[in-house]
$ cat run.txt   # compact mmCIF, C-alpha atoms
# COMPACT_ATOMS: atom_id res chain seq x y z
CA MET S 1 22.72 -9.18 28.49
CA ILE S 2 25.25 -7.25 26.46
CA PRO S 3 24.55 -8.26 22.86
CA HIS S 4 28.09 -8.87 21.60
CA SER S 5 30.92 -10.92 23.06
CA PHE S 6 34.17 -9.52 24.44
CA SER S 7 36.91 -10.60 26.80
CA TYR S 8 37.04 -9.15 30.31
CA LEU S 9 40.35 -8.26 31.95
CA ALA S 10 41.02 -6.75 35.38
CA PRO S 11 44.75 -5.87 35.50
CA ARG S 12 46.40 -5.21 38.87
CA SER S 13 48.57 -2.24 37.87
CA VAL S 14 48.54 0.75 35.54
CA GLY S 15 51.54 -0.70 33.72
CA ASP S 16 49.54 -3.81 32.94
CA VAL S 17 46.62 -1.66 31.75
CA VAL S 18 48.86 0.17 29.25
CA GLY S 19 50.13 -3.16 27.93
CA LEU S 20 46.58 -4.24 27.12
CA LEU S 21 45.33 -1.05 25.42
CA SER S 22 44.41 -1.15 21.75
CA ALA S 23 41.99 0.46 19.33
CA ASP S 24 39.35 -2.19 19.99
CA SER S 25 39.53 -2.12 23.80
CA MET S 26 37.36 -0.11 26.21
CA LEU S 27 38.29 0.98 29.74
CA LEU S 28 35.73 0.33 32.48
CA GLY S 29 35.73 2.76 35.42
CA GLY S 30 32.62 3.09 37.57
CA GLY S 31 30.44 1.69 34.80
CA THR S 32 27.82 4.42 34.80
CA TRP S 33 28.63 5.38 31.22
CA VAL S 34 30.50 2.42 29.73
CA VAL S 35 28.10 -0.36 30.77
CA PRO S 36 25.08 1.24 29.02
CA VAL S 37 27.31 1.95 26.00
CA LEU S 38 28.30 -1.75 25.92
CA GLY S 39 24.58 -2.59 25.90
CA ASP S 40 24.07 -0.60 22.71
CA PRO S 41 23.90 -3.08 19.79
CA ARG S 42 26.06 -0.72 17.69
CA THR S 43 29.01 -0.98 20.11
CA ARG S 44 31.81 -3.38 19.15
CA VAL S 45 34.80 -3.93 21.45
CA ALA S 46 37.15 -6.90 21.66
CA ARG S 47 38.08 -6.43 25.31
CA VAL S 48 36.86 -4.58 28.35
CA ILE S 49 39.64 -3.54 30.74
CA ASP S 50 38.33 -3.04 34.28
CA LEU S 51 40.35 -0.44 36.22
CA ARG S 52 38.90 -1.49 39.60
CA HIS S 53 42.09 -3.21 40.76
CA ALA S 54 44.63 -0.95 39.02
CA GLY S 55 45.30 1.25 42.06
CA LEU S 56 43.81 4.52 40.77
CA ALA S 57 41.35 5.26 43.57
CA GLY S 58 43.48 7.40 45.89
CA ILE S 59 43.38 11.07 46.88
CA GLU S 60 46.90 12.23 47.71
CA ASP S 61 47.99 15.51 49.34
CA ARG S 62 51.18 16.62 47.54
CA GLY S 63 51.66 19.95 49.30
CA ASP S 64 50.92 22.61 46.70
CA ARG S 65 48.89 20.13 44.67
CA VAL S 66 46.41 17.39 45.37
CA PHE S 67 46.37 14.28 43.19
CA LEU S 68 43.00 12.70 42.47
CA GLY S 69 43.14 9.20 41.00
CA ALA S 70 40.98 8.58 37.95
CA MET S 71 38.88 6.02 39.90
CA VAL S 72 37.98 8.48 42.68
CA THR S 73 34.18 8.54 43.04
CA TYR S 74 31.96 11.47 43.94
CA THR S 75 31.41 9.86 47.36
CA ASP S 76 35.21 9.69 47.81
CA LEU S 77 35.39 13.45 47.12
CA LEU S 78 32.61 14.17 49.62
CA ARG S 79 34.42 12.18 52.32
CA SER S 80 37.89 13.65 51.75
CA ALA S 81 39.09 16.80 53.52
CA ALA S 82 41.96 16.97 50.99
CA ALA S 83 39.63 17.12 47.97
CA PRO S 84 39.20 20.60 46.43
CA SER S 85 36.09 22.30 47.83
CA LEU S 86 34.77 23.03 44.33
CA LEU S 87 34.78 19.32 43.48
CA ARG S 88 32.99 18.49 46.73
CA LEU S 89 30.35 21.06 45.79
CA VAL S 90 29.98 19.41 42.38
CA ALA S 91 29.94 15.88 43.82
CA GLY S 92 26.98 16.66 46.08
CA GLY S 93 24.69 17.41 43.16
CA VAL S 94 25.59 15.03 40.33
CA THR S 95 22.82 13.61 38.18
CA GLY S 96 21.56 10.18 39.23
CA GLY S 97 21.49 10.39 43.01
CA PRO S 98 23.52 8.80 45.78
CA GLN S 99 23.90 5.48 43.96
CA ILE S 100 25.68 7.23 41.09
CA GLN S 101 27.73 9.30 43.55
CA GLY S 102 29.17 6.03 44.81
CA GLN S 103 29.64 4.47 41.37
CA GLY S 104 30.67 7.25 38.96
CA THR S 105 34.33 8.28 38.85
CA ILE S 106 35.98 11.59 37.98
CA GLY S 107 38.23 9.94 35.41
CA GLY S 108 35.26 8.20 33.83
CA SER S 109 33.29 11.41 33.62
CA ALA S 110 36.28 13.23 32.11
CA CYS S 111 36.86 10.50 29.51
CA ALA S 112 33.16 10.08 28.62
CA ALA S 113 33.33 13.78 27.59
CA LYS S 114 29.55 14.13 27.67
CA PRO S 115 28.88 17.85 27.14
CA SER S 116 26.47 18.13 30.07
CA SER S 117 28.64 16.30 32.64
CA ASP S 118 29.67 18.31 35.70
CA ILE S 119 33.27 17.23 36.17
CA PRO S 120 34.97 18.60 32.99
CA CYS S 121 33.80 22.17 33.65
CA ALA S 122 34.93 22.01 37.29
CA LEU S 123 38.38 20.60 36.38
CA LEU S 124 38.84 23.38 33.83
CA ALA S 125 37.99 26.07 36.42
CA LEU S 126 40.49 24.48 38.83
CA ASP S 127 43.30 24.56 36.22
CA ALA S 128 43.72 20.82 36.73
CA VAL S 129 46.41 18.87 34.89
CA ALA S 130 45.53 15.41 33.62
CA THR S 131 48.11 12.69 34.26
CA VAL S 132 48.27 10.40 31.26
CA ARG S 133 50.22 7.17 30.94
CA GLY S 134 51.12 5.51 27.67
CA PRO S 135 53.82 3.22 26.25
CA ALA S 136 56.33 6.13 26.26
CA GLY S 137 55.74 6.95 29.92
CA VAL S 138 53.79 9.57 31.87
CA ARG S 139 52.85 13.02 30.61
CA GLY S 140 50.84 15.89 32.05
CA MET S 141 48.20 17.61 29.98
CA PRO S 142 46.25 20.73 31.04
CA ALA S 143 42.52 20.04 31.34
CA ALA S 144 41.93 22.73 28.70
CA ARG S 145 43.45 20.39 26.09
CA LEU S 146 41.70 17.19 27.17
CA TRP S 147 38.33 17.55 25.42
CA LEU S 148 38.30 17.40 21.64
CA ALA S 149 34.63 17.03 20.73
CA PRO S 150 31.44 15.66 22.30
CA PHE S 151 32.22 12.16 23.65
CA HIS S 152 35.85 12.37 22.45
CA THR S 153 39.04 13.24 24.33
CA THR S 154 42.50 13.92 22.91
CA LEU S 155 43.90 10.75 24.57
CA ALA S 156 45.53 8.28 22.18
CA GLU S 157 44.21 4.72 21.90
CA ASP S 158 47.22 3.38 23.82
CA GLU S 159 46.99 5.90 26.67
CA VAL S 160 45.12 5.81 29.99
CA LEU S 161 44.11 8.73 32.19
CA THR S 162 45.48 7.96 35.66
CA GLY S 163 44.22 11.07 37.47
CA PHE S 164 44.36 14.82 37.88
CA GLU S 165 46.69 17.15 39.73
CA VAL S 166 44.86 20.18 41.10
CA PRO S 167 46.66 23.25 42.50
CA VAL S 168 45.90 23.82 46.18
CA ARG S 169 44.88 27.40 46.88
CA ARG S 170 46.07 28.67 50.25
CA GLY S 171 46.37 32.13 51.81
CA GLY S 172 44.25 35.16 50.99
CA HIS S 173 40.52 34.79 50.80
CA CYS S 174 39.63 32.04 48.34
CA GLY S 175 36.13 31.34 47.13
CA VAL S 176 34.51 28.85 44.81
CA ALA S 177 31.05 28.52 43.32
CA TYR S 178 29.21 26.06 41.12
CA ARG S 179 25.86 26.86 39.57
CA LYS S 180 23.84 24.83 37.14
CA LEU S 181 20.52 25.17 35.45
CA LYS S 182 18.50 21.98 35.02
CA CYS S 183 14.88 20.93 34.70
CA GLY S 184 14.74 18.75 37.82
CA THR S 185 17.02 17.35 40.51
CA SER S 186 17.67 14.16 38.53
CA SER S 187 17.96 15.65 35.03
CA TRP S 188 21.10 16.57 33.06
CA PRO S 189 22.23 20.21 33.28
CA ILE S 190 21.51 22.77 30.55
CA VAL S 191 24.30 25.16 31.57
CA THR S 192 26.93 24.82 34.31
CA VAL S 193 29.33 27.50 35.55
CA ALA S 194 32.27 26.91 37.90
CA VAL S 195 34.18 29.81 39.45
CA VAL S 196 37.44 29.87 41.41
CA ALA S 197 38.33 33.28 42.88
CA ALA S 198 40.57 34.87 45.51
CA VAL S 199 40.79 38.40 46.90
CA ASP S 200 43.61 40.11 48.83
CA GLY S 201 43.31 42.11 52.07
CA ALA S 202 42.36 45.24 50.13
CA GLY S 203 39.50 43.39 48.40
CA ALA S 204 41.13 43.17 44.94
CA LEU S 205 40.91 39.96 42.94
CA THR S 206 44.15 37.97 42.90
CA GLU S 207 42.67 35.05 40.99
CA LEU S 208 39.60 34.60 38.85
CA ARG S 209 38.88 31.53 36.76
CA ILE S 210 35.50 30.85 35.17
CA ALA S 211 34.60 27.71 33.22
CA VAL S 212 31.37 26.96 31.41
CA GLY S 213 29.99 23.47 30.81
CA ALA S 214 26.95 22.03 28.98
CA ALA S 215 26.49 25.24 26.97
CA ALA S 216 28.93 24.19 24.23
CA ALA S 217 30.15 20.88 22.83
CA VAL S 218 33.24 21.05 25.06
CA PRO S 219 33.76 23.10 28.24
CA PHE S 220 35.42 26.50 27.78
CA SER S 221 36.97 29.24 29.92
CA VAL S 222 35.82 32.83 30.07
CA PRO S 223 38.80 35.20 29.57
CA THR S 224 39.53 36.97 32.87
CA HIS S 225 43.30 37.66 32.98
CA ASP S 226 42.98 41.45 32.54
CA LEU S 227 40.41 41.64 35.35
CA VAL S 228 42.74 40.30 38.07
CA GLY S 229 43.60 43.25 40.32
CA SER S 230 40.19 44.85 40.05
CA ALA S 231 37.64 44.81 42.86
CA PRO S 232 34.46 42.75 42.52
CA SER S 233 31.49 44.94 41.61
CA THR S 234 28.15 44.79 39.86
CA ALA S 235 29.83 46.18 36.73
CA LEU S 236 32.43 43.41 36.88
CA VAL S 237 29.74 40.74 37.16
CA GLU S 238 27.97 42.23 34.11
CA GLU S 239 31.25 42.34 32.18
CA LEU S 240 31.86 38.64 32.91
CA ALA S 241 28.32 37.68 31.88
CA GLU S 242 28.87 39.52 28.58
CA ARG S 243 32.28 37.90 28.04
CA ALA S 244 30.74 34.45 28.61
CA ARG S 245 28.05 35.20 26.04
CA VAL S 246 30.69 36.26 23.49
CA ALA S 247 32.88 33.23 24.26
CA LEU S 248 30.00 30.85 23.51
CA THR S 249 30.57 30.53 19.77
CA ASP S 250 29.24 27.03 19.14
CA PRO S 251 26.29 26.36 21.48
CA TRP S 252 25.28 22.74 22.12
CA THR S 253 21.86 21.30 21.31
CA ASP S 254 20.44 18.10 22.75
CA GLU S 255 17.05 16.67 23.74
CA ILE S 256 17.03 18.81 26.91
CA ALA S 257 17.53 22.27 25.37
CA PRO S 258 18.28 23.89 21.98
CA ALA S 259 21.29 26.12 21.33
CA GLU S 260 19.17 29.29 21.46
CA TYR S 261 17.98 28.50 24.98
CA ARG S 262 21.47 27.73 26.25
CA THR S 263 22.73 30.99 24.74
CA ALA S 264 19.92 32.94 26.38
CA VAL S 265 20.36 31.57 29.91
CA LEU S 266 24.18 31.48 30.09
CA PRO S 267 24.73 35.13 31.21
CA THR S 268 22.28 34.68 34.11
CA ILE S 269 24.03 31.55 35.40
CA VAL S 270 27.42 33.32 35.12
CA ARG S 271 26.09 36.28 37.16
CA ARG S 272 24.82 33.93 39.88
CA ALA S 273 28.02 31.87 40.03
CA VAL S 274 30.36 34.89 40.12
CA THR S 275 28.25 36.51 42.85
CA ASP S 276 28.34 33.28 44.88
CA ALA S 277 32.13 32.99 44.51
CA VAL S 278 32.72 36.59 45.62
CA GLU S 279 30.49 36.00 48.65
CA ASP S 280 32.42 32.81 49.38
CA CYS S 281 35.70 34.81 49.26
CA ARG S 282 34.35 37.16 51.91
CA ALA S 283 32.89 34.41 54.11
CA MET V 284 32.86 -18.80 31.79
CA PRO V 285 34.56 -17.12 34.75
CA GLU V 286 33.53 -18.13 38.27
CA VAL V 287 32.32 -15.30 40.47
CA ASN V 288 32.10 -15.42 44.26
CA LEU V 289 29.29 -13.37 45.75
CA SER V 290 27.79 -13.11 49.20
CA VAL V 291 24.10 -12.38 48.64
CA ASN V 292 21.80 -11.79 51.60
CA GLY V 293 24.27 -13.66 53.80
CA VAL V 294 24.56 -16.70 51.55
CA ARG V 295 27.74 -17.46 49.60
CA HIS V 296 27.33 -18.20 45.91
CA HIS V 297 29.94 -19.51 43.50
CA VAL V 298 28.46 -19.03 40.08
CA ASP V 299 29.75 -19.27 36.52
CA VAL V 300 28.73 -16.18 34.63
CA ASP V 301 28.88 -15.07 31.03
CA VAL V 302 31.01 -11.88 30.95
CA ARG V 303 28.15 -10.21 29.05
CA LEU V 304 25.77 -10.58 32.01
CA LEU V 305 24.80 -7.48 34.00
CA LEU V 306 24.84 -7.92 37.77
CA VAL V 307 21.06 -7.38 37.96
CA GLU V 308 20.59 -10.18 35.41
CA ALA V 309 22.89 -12.50 37.36
CA LEU V 310 20.98 -11.83 40.58
CA ARG V 311 17.60 -12.46 38.94
CA ASP V 312 18.38 -15.25 36.49
CA VAL V 313 21.32 -17.11 38.07
CA VAL V 314 20.88 -16.55 41.83
CA GLY V 315 17.08 -16.42 41.51
CA LEU V 316 16.32 -13.23 43.45
CA ILE V 317 13.75 -11.00 41.77
CA GLY V 318 13.78 -8.10 44.25
CA PRO V 319 15.95 -5.93 41.96
CA LYS V 320 13.97 -5.00 38.83
CA ILE V 321 15.17 -4.20 35.33
CA GLY V 322 13.76 -0.85 34.26
CA CYS V 323 15.88 1.38 32.06
CA ARG V 324 19.31 -0.37 31.90
CA THR V 325 20.89 3.10 31.75
CA GLY V 326 21.16 4.02 35.43
CA ASP V 327 18.28 6.48 35.34
CA CYS V 328 15.39 4.73 37.11
CA GLY V 329 16.99 3.07 40.16
CA ALA V 330 14.71 -0.02 40.12
CA CYS V 331 17.75 -2.34 40.03
CA THR V 332 19.28 -0.84 43.19
CA ILE V 333 21.01 -3.22 45.60
CA ARG V 334 23.41 -2.72 48.49
CA VAL V 335 27.04 -3.53 47.65
CA ASP V 336 29.58 -3.56 50.49
CA GLY V 337 27.30 -1.33 52.55
CA HIS V 338 26.24 1.22 49.94
CA ALA V 339 23.33 1.56 47.50
CA ARG V 340 24.35 0.81 43.91
CA LYS V 341 22.55 0.51 40.58
CA SER V 342 23.15 -3.09 39.50
CA CYS V 343 22.33 -2.50 35.82
CA LEU V 344 25.55 -0.45 35.67
CA MET V 345 27.72 -3.31 36.92
CA LEU V 346 28.99 -6.33 35.06
CA ALA V 347 28.39 -9.49 37.10
CA VAL V 348 31.99 -10.59 36.49
CA ALA V 349 33.23 -7.29 38.01
CA ALA V 350 31.26 -7.91 41.23
CA ASP V 351 33.50 -10.82 42.25
CA GLY V 352 34.18 -10.75 46.00
CA THR V 353 31.43 -8.29 46.93
CA ASP V 354 28.89 -8.52 49.74
CA ILE V 355 25.40 -7.87 48.37
CA THR V 356 22.00 -7.27 49.92
CA THR V 357 18.94 -7.26 47.67
CA LEU V 358 15.39 -6.23 48.50
CA ASP V 359 14.72 -9.94 49.17
CA GLY V 360 17.16 -9.81 52.08
CA LEU V 361 16.28 -6.47 53.66
CA ALA V 362 13.78 -7.89 56.19
CA ASN V 363 15.01 -9.93 59.16
CA GLY V 364 13.22 -13.19 58.40
CA ASP V 365 9.51 -12.47 58.79
CA ASP V 366 10.16 -9.14 60.52
CA PRO V 367 10.08 -6.23 58.06
CA HIS V 368 12.86 -3.65 58.16
CA PRO V 369 11.72 -0.41 59.91
CA LEU V 370 11.81 1.33 56.53
CA GLN V 371 9.51 -1.33 55.07
CA GLU V 372 7.10 -0.87 57.98
CA ALA V 373 7.11 2.88 57.43
CA PHE V 374 6.53 2.41 53.68
CA CYS V 375 3.49 0.20 54.49
CA ALA V 376 2.12 2.71 56.99
CA GLU V 377 2.40 5.61 54.55
CA TYR V 378 1.17 3.65 51.50
CA ALA V 379 4.49 4.28 49.77
CA PHE V 380 4.79 0.91 48.00
CA GLN V 381 2.00 1.25 45.41
CA CYS V 382 3.04 -0.93 42.42
CA GLY V 383 6.36 -1.79 44.07
CA PHE V 384 8.60 -1.52 41.02
CA CYS V 385 10.79 1.31 42.35
CA VAL V 386 11.04 0.19 45.98
CA SER V 387 14.54 -1.29 45.80
CA GLY V 388 15.92 2.11 44.86
CA MET V 389 13.77 4.03 47.31
CA LEU V 390 14.49 1.73 50.27
CA PHE V 391 18.24 1.38 49.78
CA ALA V 392 18.70 5.10 49.04
CA ALA V 393 16.68 5.87 52.18
CA GLN V 394 18.76 3.40 54.19
CA ASP V 395 21.99 5.12 53.07
CA LEU V 396 20.50 8.51 53.96
CA LEU V 397 19.36 7.51 57.46
CA GLU V 398 22.73 5.95 58.24
CA SER V 399 24.55 9.21 57.49
CA THR V 400 21.73 11.62 58.42
CA PRO V 401 19.46 10.11 61.09
CA ASP V 402 17.20 13.18 61.30
CA PRO V 403 16.86 14.45 57.70
CA THR V 404 14.81 17.41 56.51
CA ASP V 405 12.23 16.87 53.74
CA GLU V 406 14.66 18.51 51.32
CA GLU V 407 17.44 16.10 52.33
CA ILE V 408 15.03 13.19 51.79
CA GLU V 409 14.06 14.48 48.34
CA VAL V 410 17.72 14.93 47.38
CA ALA V 411 18.59 11.43 48.63
CA LEU V 412 15.77 9.83 46.61
CA ARG V 413 16.46 11.81 43.42
CA GLY V 414 18.14 8.93 41.61
CA ASN V 415 14.94 6.86 41.60
CA LEU V 416 11.88 7.20 39.40
CA CYS V 417 8.43 6.19 40.74
CA ARG V 418 6.14 5.42 37.81
CA CYS V 419 3.12 5.72 40.15
CA THR V 420 4.37 9.25 40.98
CA GLY V 421 3.96 8.50 44.69
CA TYR V 422 6.74 10.83 45.73
CA GLN V 423 4.85 12.58 48.53
CA ASN V 424 4.09 9.26 50.21
CA LEU V 425 7.70 8.15 49.77
CA VAL V 426 9.04 11.28 51.47
CA ARG V 427 6.49 10.85 54.28
CA ALA V 428 7.53 7.22 54.71
CA VAL V 429 11.21 8.08 55.07
CA ARG V 430 10.30 10.85 57.51
CA ARG V 431 8.27 8.31 59.55
CA ALA V 432 11.15 5.80 59.52
CA ALA V 433 13.41 8.55 60.88
CA GLY V 434 11.06 8.73 63.85
CA HIS V 435 9.10 11.90 63.19

$ encode --input "run.txt" --output "structure tokens"
Amino acid sequence: MIPHSFSYLAPRSVGDVVGLLSADSMLLGGGTWVVPVLGDPRTRVARVIDLRHAGLAGIEDRGDRVFLGAMVTYTDLLRSAAAPSLLRLVAGGVTGGPQIQGQGTIGGSACAAKPSSDIPCALLALDAVATVRGPAGVRGMPAARLWLAPFHTTLAEDEVLTGFEVPVRRGGHCGVAYRKLKCGTSSWPIVTVAVVAAVDGAGALTELRIAVGAAAAVPFSVPTHDLVGSAPSTALVEELAERARVALTDPWTDEIAPAEYRTAVLPTIVRRAVTDAVEDCRA
Amino acid sequence: MPEVNLSVNGVRHHVDVDVRLLLVEALRDVVGLIGPKIGCRTGDCGACTIRVDGHARKSCLMLAVAADGTDITTLDGLANGDDPHPLQEAFCAEYAFQCGFCVSGMLFAAQDLLESTPDPTDEEIEVALRGNLCRCTGYQNLVRAVRRAAGH
């Protein structure tokens, strides 16, 4: 039993959710993070707002973008042809097995902001835009600005994440890759790398986005803008591994791995992920 | 206390629950079914696994009050009366039960797998069972049992 008392509310619309938000409320998505947090004797909340009936579970094809509701689960992603292929790749391997795939939500993972979660890194690589609703209305916020610190987002206390808009990549030869290093199939990752790439008919890169998760307190991008237009090569892969190493300025430490270990293994995981993405472009 | 309507192993229950109650606690202490176990309370071990609306779920990660209107099967309801489920028969044949604490997670995860992948490889079985910890470390027997249930 959860040690402290609270009131439970299950509003039927996002508008109703916003009306209930306050500093002492907590939003409940799939429960995989929030329910154990509620069980911690140090947690104090006045009300738990369950998003299950708020209409945030849809995946919507919007032409050049796909909208993923905050309550979309990993299983939903795996079953949807409209879901970005990178997110389906991520969904197949989340920590906790098939039960968690059916329970955990992308919005919940994004808001939990756990450094070793898979979803934030993947959303960053996809250049996703978070849709946020508050008392003043709806605003879009690039994923790059969503994570403030471990377990903290930049959302205000009276705002709710309703979903993500992800650009749809069509034409040319697109490729994605997701690599992670972890101790066992059910353990949390030590380093994750997501890559989104595209090449033109001549084999030159027209897009290259690389995001790194679990290595630092918040996910970060590897700078690649000046490399668009070049052709994938061994030298390019080495350059990207080096840039990732330089970009990791504040490595994360937890019970799984110390900062030194994460720093040491990051370039290898970047090499593997970039190589996979280039192969996927050519497939 | 709010009233919650649950269908559990084919029987309808209307129960008053404290909002602080986890679903696994409601099933064990209010409904009286002790098939789902309480292991970690953090979603790691899988011992509390049940089937909710046709899919395996960890019931320590659900509030009982949030399960209103769901259709639940627990380990207690997996067999058809006195006839064990084919997965239970395979688990017996391959000595996969051992202490029995993890079997809810193993059986329901295996059931989900075989429904979507009737002829899984050993790797697919291992991946499907990865959300469940066996404290007897009987993983080889568990994989063999699922393979046997799949008919090979």

$ atom_distance --input "run.txt" --atom1 "atom CA of V:Ala362" --atom2 "atom CA of V:Pro403"
22.6 Å

$ closest_residue --input "run.txt" --among "S:Val212, S:Asp127, S:Leu77, S:Val160" --to "S:Asp50" --atoms "all atoms listed in the file"
S:Val160

$ atom_distance --input "run.txt" --atom1 "atom CA of S:Thr253" --atom2 "atom CA of S:Gly102"
29.0 Å

$ residues_near_point --input "run.txt" --point "(35.0, 12.1, 22.5)" --cutoff "9 Å" --atoms "only C-alpha atoms" --output "list in words"
Cys111, Ala112, Ala113, Lys114, Trp147, Leu148, Ala149, Pro150, Phe151, His152, Thr153 and Thr154 of chain S

$ interface_residues --input "run.txt" --of "chain V" --to "chain S" --cutoff "6 Å" --atoms "all atoms listed in the file" --output "MDAnalysis selection string"
chainID V and resid 303:304 325 339:340 344 413:414

$ residues_near_point --input "run.txt" --point "(30.2, -4.6, 46.8)" --cutoff "7 Å" --atoms "only C-alpha atoms" --output "JSON, numbers by chain"
{"V": [335, 336, 350, 353, 354, 355]}

$ atom_distance --input "run.txt" --atom1 "atom CA of S:Asp250" --atom2 "atom CA of S:Ala216"
5.8 Å

$ closest_residue --input "run.txt" --among "S:Arg47, S:Arg145, S:Arg139, S:Arg209" --to "S:Ala125" --atoms "only C-alpha atoms"
S:Arg209
